[in-house]
Amino acid sequence: MFRTVEWKDNKVFILDQTRLPFETIYLECTNHGMVADAIRSMKVRGAPAIGIAAAMGIALGARDIGTGNSIDFMKAIEEIFAKMLSTRPTAVNIRWAVERLRRLLKDNGNMQVHALKSLLVKEANKILEEDIEVNKRIGLLGAGLIKDGAVVLTHCNAGALATGGYGTATAPMLIAKEQGKRFRVFADETRPFLQGARLTTWELMQAGIQVTLITDSSAGALMKRGEVDMVIVGTDRTVRNGDVANKIGTYTLAVLAKENNIPFYVAAPLSSIDFTMPEGDMIPIEERDPSEVTEIYGRIMTGGSANSWGAVRIAPDGVSVKNIAFDVTPARYVTAIITEKGIFKPEDLAGIMDQA
């Protein structure tokens with residue numbers, strides 16, 4: 001068992017996902033800037049996980065604000081909020097965490113600054129524990145969709161590494177495994193950051209689930225050949241009408257699934273659903289560093305062994321690169337959305353606003 005993000009000894013410990021699956025290294029973050037950098041550089045990634053990390057980073061930053069004046073404290077904490085919000089624009093969970101902590105401070109404005117700092121730490125840890133329970137609930141509901149003998153296709157990593165624990169898209173698989181169901185999983189490699197190859201395969205193998213790694217471009221051929229029964233993915237932001245923003249390549253899978261009459265499911269905790277945004281075209285889409293496409297980062301062979309880390313270039317110097325990190329899948333391609341409150345058709349999503 002592992003924790004992706006953890007508050008311990010007044011520090012935030014983050015499992016460095018850029019070093020997996022070969023090394024398990026925890027970053028020891030002693031200030032909120034280190035947490036923000038870890039989010040921005042994808043050392044911690046996945047919508048729920050970065051929401052948790054941001055909350056803990058805010059609590060860490062609040063601890064270092066050296067004033068006992070409530071007005072000055074609130075000005076300083078707003079600067080920390082802004083820094084966290086700037087790290088990853090597409091995933092809604094950071095904003096969700098910021099708004100939750102901002103509301104907490106407002107509701108307890110009569111408390112002394114030292115008490116507010118303690119309250120932020122407690123709330124950040126509460127967000128982590130709630131996320132684990134939410135994911136278990138998604139797993140229990142989603143496991144019912146996995147039939148004995150099924151072949152499941154997933155994209156990117158929406159496992160425990162992307163959350164506080166259990167994952168979103170992988171939670172139904174873990175619960176189905178616990179229920180004794182026999183099934184297999186195809187995991188897309190998920191270029192360019194290879195979250196599927198590096199992370200999802202590692203997680204599922206740890207859980208004893210039969211997983212086969214495929215190239216992103218193989219999915220359509222496998223669907224056409226009848227080798228895929230269902231698709232389950234996570235989401236970085238799902239909006240009011242059921243449009244889904246997720247890792248680049250998700251839209252392609254959804255179109256292929258519809259063409260081949262394969263159900264396409266999205267595992268989405270309510271914290272990842274932006275009820276204030278009416279449609280997916282409004283979602284800001286992050287574009288990342290070209291080097292993620294032109295280079296492969298990992299262990300390098302030196303002296304007959306892979307014992308050092310670095311980047312290996314795989315494209316010509318000077319080539320133009322467009323590295324779009326996410327795409328938006330229109331609701332018409334989504335069979336259902338699995339939340340902790342139930343499984344909903346995209347058109348019914350707005351009806352659960354009162355449960356958010």
# chains A, B, ... in the order shown; residues from 1 in each chain; ligands from 1
>>> residues_around(residues="A:Leu153", least_positions_apart="6", cutoff="9 Å", atoms="only C-alpha atoms", output="ChimeraX atom specification")
/A:184-188,219,228-233
>>> write_last_selection(atoms="all heavy atoms", output="PDB file, in the first residue's frame")
ATOM      1  N   ARG A 184     -10.123  -8.991 -17.749  1.00  0.00           N
ATOM      2  CA  ARG A 184      -8.810  -8.532 -18.190  1.00  0.00           C
ATOM      3  C   ARG A 184      -8.887  -7.050 -18.520  1.00  0.00           C
ATOM      4  O   ARG A 184      -9.973  -6.524 -18.801  1.00  0.00           O
ATOM      5  CB  ARG A 184      -8.347  -9.303 -19.432  1.00  0.00           C
ATOM      6  CG  ARG A 184      -8.117 -10.787 -19.177  1.00  0.00           C
ATOM      7  CD  ARG A 184      -7.564 -11.497 -20.397  1.00  0.00           C
ATOM      8  NE  ARG A 184      -8.530 -11.539 -21.494  1.00  0.00           N
ATOM      9  CZ  ARG A 184      -8.351 -10.957 -22.679  1.00  0.00           C
ATOM     10  NH1 ARG A 184      -7.257 -10.242 -22.915  1.00  0.00           N
ATOM     11  NH2 ARG A 184      -9.261 -11.069 -23.622  1.00  0.00           N
ATOM     12  N   VAL A 185      -7.738  -6.386 -18.500  1.00  0.00           N
ATOM     13  CA  VAL A 185      -7.681  -4.953 -18.760  1.00  0.00           C
ATOM     14  C   VAL A 185      -6.651  -4.664 -19.843  1.00  0.00           C
ATOM     15  O   VAL A 185      -5.530  -5.186 -19.803  1.00  0.00           O
ATOM     16  CB  VAL A 185      -7.305  -4.165 -17.489  1.00  0.00           C
ATOM     17  CG1 VAL A 185      -7.211  -2.672 -17.786  1.00  0.00           C
ATOM     18  CG2 VAL A 185      -8.315  -4.435 -16.365  1.00  0.00           C
ATOM     19  N   PHE A 186      -7.040  -3.851 -20.816  1.00  0.00           N
ATOM     20  CA  PHE A 186      -6.100  -3.236 -21.742  1.00  0.00           C
ATOM     21  C   PHE A 186      -5.818  -1.823 -21.222  1.00  0.00           C
ATOM     22  O   PHE A 186      -6.742  -1.053 -20.962  1.00  0.00           O
ATOM     23  CB  PHE A 186      -6.678  -3.128 -23.157  1.00  0.00           C
ATOM     24  CG  PHE A 186      -6.652  -4.417 -23.932  1.00  0.00           C
ATOM     25  CD1 PHE A 186      -7.801  -4.893 -24.554  1.00  0.00           C
ATOM     26  CD2 PHE A 186      -5.478  -5.141 -24.080  1.00  0.00           C
ATOM     27  CE1 PHE A 186      -7.797  -6.063 -25.288  1.00  0.00           C
ATOM     28  CE2 PHE A 186      -5.453  -6.325 -24.812  1.00  0.00           C
ATOM     29  CZ  PHE A 186      -6.613  -6.789 -25.414  1.00  0.00           C
ATOM     30  N   ALA A 187      -4.536  -1.485 -21.098  1.00  0.00           N
ATOM     31  CA  ALA A 187      -4.148  -0.144 -20.661  1.00  0.00           C
ATOM     32  C   ALA A 187      -3.419   0.557 -21.797  1.00  0.00           C
ATOM     33  O   ALA A 187      -2.378   0.077 -22.267  1.00  0.00           O
ATOM     34  CB  ALA A 187      -3.247  -0.212 -19.433  1.00  0.00           C
ATOM     35  N   ASP A 188      -3.975   1.672 -22.270  1.00  0.00           N
ATOM     36  CA  ASP A 188      -3.275   2.482 -23.267  1.00  0.00           C
ATOM     37  C   ASP A 188      -1.979   3.024 -22.673  1.00  0.00           C
ATOM     38  O   ASP A 188      -1.956   3.445 -21.506  1.00  0.00           O
ATOM     39  CB  ASP A 188      -4.135   3.680 -23.688  1.00  0.00           C
ATOM     40  CG  ASP A 188      -5.216   3.304 -24.675  1.00  0.00           C
ATOM     41  OD1 ASP A 188      -5.131   2.222 -25.268  1.00  0.00           O
ATOM     42  OD2 ASP A 188      -6.145   4.116 -24.853  1.00  0.00           O
ATOM     43  N   ALA A 219      -6.071   0.779 -29.976  1.00  0.00           N
ATOM     44  CA  ALA A 219      -7.383   0.616 -29.353  1.00  0.00           C
ATOM     45  C   ALA A 219      -8.490   0.381 -30.377  1.00  0.00           C
ATOM     46  O   ALA A 219      -9.339  -0.497 -30.199  1.00  0.00           O
ATOM     47  CB  ALA A 219      -7.705   1.839 -28.495  1.00  0.00           C
ATOM     48  N   VAL A 228     -12.729  -5.818 -27.030  1.00  0.00           N
ATOM     49  CA  VAL A 228     -12.971  -4.886 -25.931  1.00  0.00           C
ATOM     50  C   VAL A 228     -14.470  -4.872 -25.625  1.00  0.00           C
ATOM     51  O   VAL A 228     -15.294  -4.722 -26.536  1.00  0.00           O
ATOM     52  CB  VAL A 228     -12.497  -3.460 -26.286  1.00  0.00           C
ATOM     53  CG1 VAL A 228     -12.862  -2.479 -25.180  1.00  0.00           C
ATOM     54  CG2 VAL A 228     -10.998  -3.435 -26.553  1.00  0.00           C
ATOM     55  N   ASP A 229     -14.836  -5.028 -24.362  1.00  0.00           N
ATOM     56  CA  ASP A 229     -16.250  -5.049 -23.962  1.00  0.00           C
ATOM     57  C   ASP A 229     -16.732  -3.728 -23.390  1.00  0.00           C
ATOM     58  O   ASP A 229     -17.925  -3.421 -23.446  1.00  0.00           O
ATOM     59  CB  ASP A 229     -16.477  -6.154 -22.928  1.00  0.00           C
ATOM     60  CG  ASP A 229     -16.211  -7.537 -23.492  1.00  0.00           C
ATOM     61  OD1 ASP A 229     -16.779  -7.862 -24.546  1.00  0.00           O
ATOM     62  OD2 ASP A 229     -15.423  -8.274 -22.884  1.00  0.00           O
ATOM     63  N   MET A 230     -15.830  -2.941 -22.826  1.00  0.00           N
ATOM     64  CA  MET A 230     -16.217  -1.684 -22.210  1.00  0.00           C
ATOM     65  C   MET A 230     -14.988  -0.802 -22.029  1.00  0.00           C
ATOM     66  O   MET A 230     -13.861  -1.289 -21.983  1.00  0.00           O
ATOM     67  CB  MET A 230     -16.886  -1.927 -20.856  1.00  0.00           C
ATOM     68  CG  MET A 230     -15.992  -2.619 -19.844  1.00  0.00           C
ATOM     69  SD  MET A 230     -16.840  -3.135 -18.325  1.00  0.00           S
ATOM     70  CE  MET A 230     -17.461  -1.592 -17.713  1.00  0.00           C
ATOM     71  N   VAL A 231     -15.239   0.500 -21.931  1.00  0.00           N
ATOM     72  CA  VAL A 231     -14.178   1.467 -21.659  1.00  0.00           C
ATOM     73  C   VAL A 231     -14.534   2.204 -20.369  1.00  0.00           C
ATOM     74  O   VAL A 231     -15.678   2.628 -20.194  1.00  0.00           O
ATOM     75  CB  VAL A 231     -14.026   2.482 -22.814  1.00  0.00           C
ATOM     76  CG1 VAL A 231     -12.912   3.481 -22.498  1.00  0.00           C
ATOM     77  CG2 VAL A 231     -13.753   1.771 -24.138  1.00  0.00           C
ATOM     78  N   ILE A 232     -13.561   2.334 -19.468  1.00  0.00           N
ATOM     79  CA  ILE A 232     -13.739   3.143 -18.260  1.00  0.00           C
ATOM     80  C   ILE A 232     -12.562   4.109 -18.175  1.00  0.00           C
ATOM     81  O   ILE A 232     -11.403   3.682 -18.196  1.00  0.00           O
ATOM     82  CB  ILE A 232     -13.787   2.303 -16.970  1.00  0.00           C
ATOM     83  CG1 ILE A 232     -14.851   1.210 -17.040  1.00  0.00           C
ATOM     84  CG2 ILE A 232     -14.066   3.214 -15.766  1.00  0.00           C
ATOM     85  CD1 ILE A 232     -14.906   0.334 -15.791  1.00  0.00           C
ATOM     86  N   VAL A 233     -12.859   5.391 -18.068  1.00  0.00           N
ATOM     87  CA  VAL A 233     -11.809   6.409 -17.912  1.00  0.00           C
ATOM     88  C   VAL A 233     -12.161   7.312 -16.731  1.00  0.00           C
ATOM     89  O   VAL A 233     -13.286   7.298 -16.230  1.00  0.00           O
ATOM     90  CB  VAL A 233     -11.646   7.263 -19.194  1.00  0.00           C
ATOM     91  CG1 VAL A 233     -11.258   6.393 -20.379  1.00  0.00           C
ATOM     92  CG2 VAL A 233     -12.922   8.059 -19.489  1.00  0.00           C
TER      93      VAL A 233
END
>>> residues_around(residues="stretch 344-350 of chain A", least_positions_apart="5", cutoff="9 Å", atoms="only C-alpha atoms", output="PyMOL selection string")
chain A and resi 239-243+275+331-332+334-339
>>> residues_around(residues="A:Ser291", least_positions_apart="6", cutoff="12 Å", atoms="only C-alpha atoms", output="number ranges by chain")
A: 192-193, 297, 311-323
>>> closest_atom_pairs(of="stretch 27-103 of chain A", to="stretch 244-260 of chain A", cutoff="12 Å", atoms="only C-alpha atoms", output="CSV")
residue,atom,partner,partner_atom,distance
A:Arg45,CA,A:Lys247,CA,11.3
A:Gly46,CA,A:Lys247,CA,9.7
A:Ala47,CA,A:Asn246,CA,9.5
A:Pro89,CA,A:Ala245,CA,11.6
A:Thr90,CA,A:Ala245,CA,7.8
A:Ala91,CA,A:Ala245,CA,8.2
A:Val92,CA,A:Ala245,CA,9.9
>>> write_last_selection(atoms="N, CA, C and O atoms", output="mmCIF file, in the first residue's frame")
data_model
loop_
_atom_site.group_PDB
_atom_site.id
_atom_site.type_symbol
_atom_site.label_atom_id
_atom_site.label_comp_id
_atom_site.auth_asym_id
_atom_site.auth_seq_id
_atom_site.Cartn_x
_atom_site.Cartn_y
_atom_site.Cartn_z
ATOM 1 N N ARG A 45 -0.022 13.945 -9.919
ATOM 2 C CA ARG A 45 -0.952 14.255 -10.995
ATOM 3 C C ARG A 45 -2.217 13.410 -10.813
ATOM 4 O O ARG A 45 -2.259 12.518 -9.984
ATOM 5 N N GLY A 46 -3.234 13.754 -11.596
ATOM 6 C CA GLY A 46 -4.551 13.180 -11.393
ATOM 7 C C GLY A 46 -5.411 14.183 -10.651
ATOM 8 O O GLY A 46 -4.982 14.744 -9.633
ATOM 9 N N ALA A 47 -6.606 14.444 -11.172
ATOM 10 C CA ALA A 47 -7.425 15.538 -10.649
ATOM 11 C C ALA A 47 -7.651 15.474 -9.139
ATOM 12 O O ALA A 47 -7.398 16.458 -8.424
ATOM 13 N N PRO A 89 -4.457 24.299 -15.103
ATOM 14 C CA PRO A 89 -5.728 24.986 -15.335
ATOM 15 C C PRO A 89 -6.917 24.097 -15.674
ATOM 16 O O PRO A 89 -8.057 24.509 -15.468
ATOM 17 N N THR A 90 -6.697 22.896 -16.211
ATOM 18 C CA THR A 90 -7.831 22.108 -16.713
ATOM 19 C C THR A 90 -8.589 21.395 -15.600
ATOM 20 O O THR A 90 -9.813 21.419 -15.548
ATOM 21 N N ALA A 91 -7.870 20.733 -14.704
ATOM 22 C CA ALA A 91 -8.528 19.985 -13.632
ATOM 23 C C ALA A 91 -9.254 20.935 -12.682
ATOM 24 O O ALA A 91 -8.691 21.936 -12.249
ATOM 25 N N VAL A 92 -10.489 20.602 -12.345
ATOM 26 C CA VAL A 92 -11.301 21.492 -11.513
ATOM 27 C C VAL A 92 -11.035 21.294 -10.025
ATOM 28 O O VAL A 92 -11.388 22.128 -9.209
#
>>> residues_around(residues="stretch 101-114 of chain A", least_positions_apart="2", cutoff="12 Å", atoms="only C-alpha atoms", output="PyMOL selection string")
chain A and resi 51-52+54-59+62-82+94-99+116-127
>>> residues_around(residues="stretch 340-342 of chain A", least_positions_apart="4", cutoff="12 Å", atoms="only C-alpha atoms", output="MDAnalysis selection string")
chainID A and resid 130:142 144 168 171:172 267:273 336 348:349 351:356
>>> write_last_selection(atoms="C-alpha atoms", output="short mmCIF file (atom, residue, chain, number, x, y, z; two decimals), in the first residue's frame")
data_model
loop_
_atom_site.label_atom_id
_atom_site.label_comp_id
_atom_site.auth_asym_id
_atom_site.auth_seq_id
_atom_site.Cartn_x
_atom_site.Cartn_y
_atom_site.Cartn_z
CA GLU A 130 -13.15 11.78 2.12
CA ASP A 131 -11.60 11.13 -1.29
CA ILE A 132 -10.69 7.57 -0.33
CA GLU A 133 -14.27 6.88 0.79
CA VAL A 134 -15.69 8.48 -2.36
CA ASN A 135 -13.50 6.29 -4.53
CA LYS A 136 -14.57 3.15 -2.69
CA ARG A 137 -18.20 4.09 -3.35
CA ILE A 138 -17.48 4.68 -7.05
CA GLY A 139 -15.79 1.29 -7.08
CA LEU A 140 -18.76 -0.49 -5.53
CA LEU A 141 -21.18 1.09 -7.99
CA GLY A 142 -18.94 0.66 -11.02
CA GLY A 144 -21.58 -3.90 -11.16
CA THR A 168 -11.68 6.48 -9.84
CA ALA A 171 -11.79 1.49 -8.35
CA PRO A 172 -14.48 -0.64 -10.09
CA ALA A 267 -15.71 7.65 -13.27
CA ALA A 268 -16.22 11.10 -11.80
CA PRO A 269 -16.32 12.06 -8.11
CA LEU A 270 -18.55 15.08 -7.55
CA SER A 271 -15.43 17.12 -6.77
CA SER A 272 -14.42 16.70 -10.43
CA ILE A 273 -17.77 17.94 -11.76
CA ALA A 336 -22.91 6.91 -18.21
CA ASP A 348 -29.25 13.72 -15.89
CA LEU A 349 -26.06 15.12 -14.38
CA GLY A 351 -30.12 17.04 -11.53
CA ILE A 352 -27.64 16.03 -8.85
CA MET A 353 -26.43 19.57 -8.18
CA ASP A 354 -28.12 19.56 -4.80
CA GLN A 355 -26.01 16.55 -3.82
CA ALA A 356 -22.69 18.21 -4.73
#
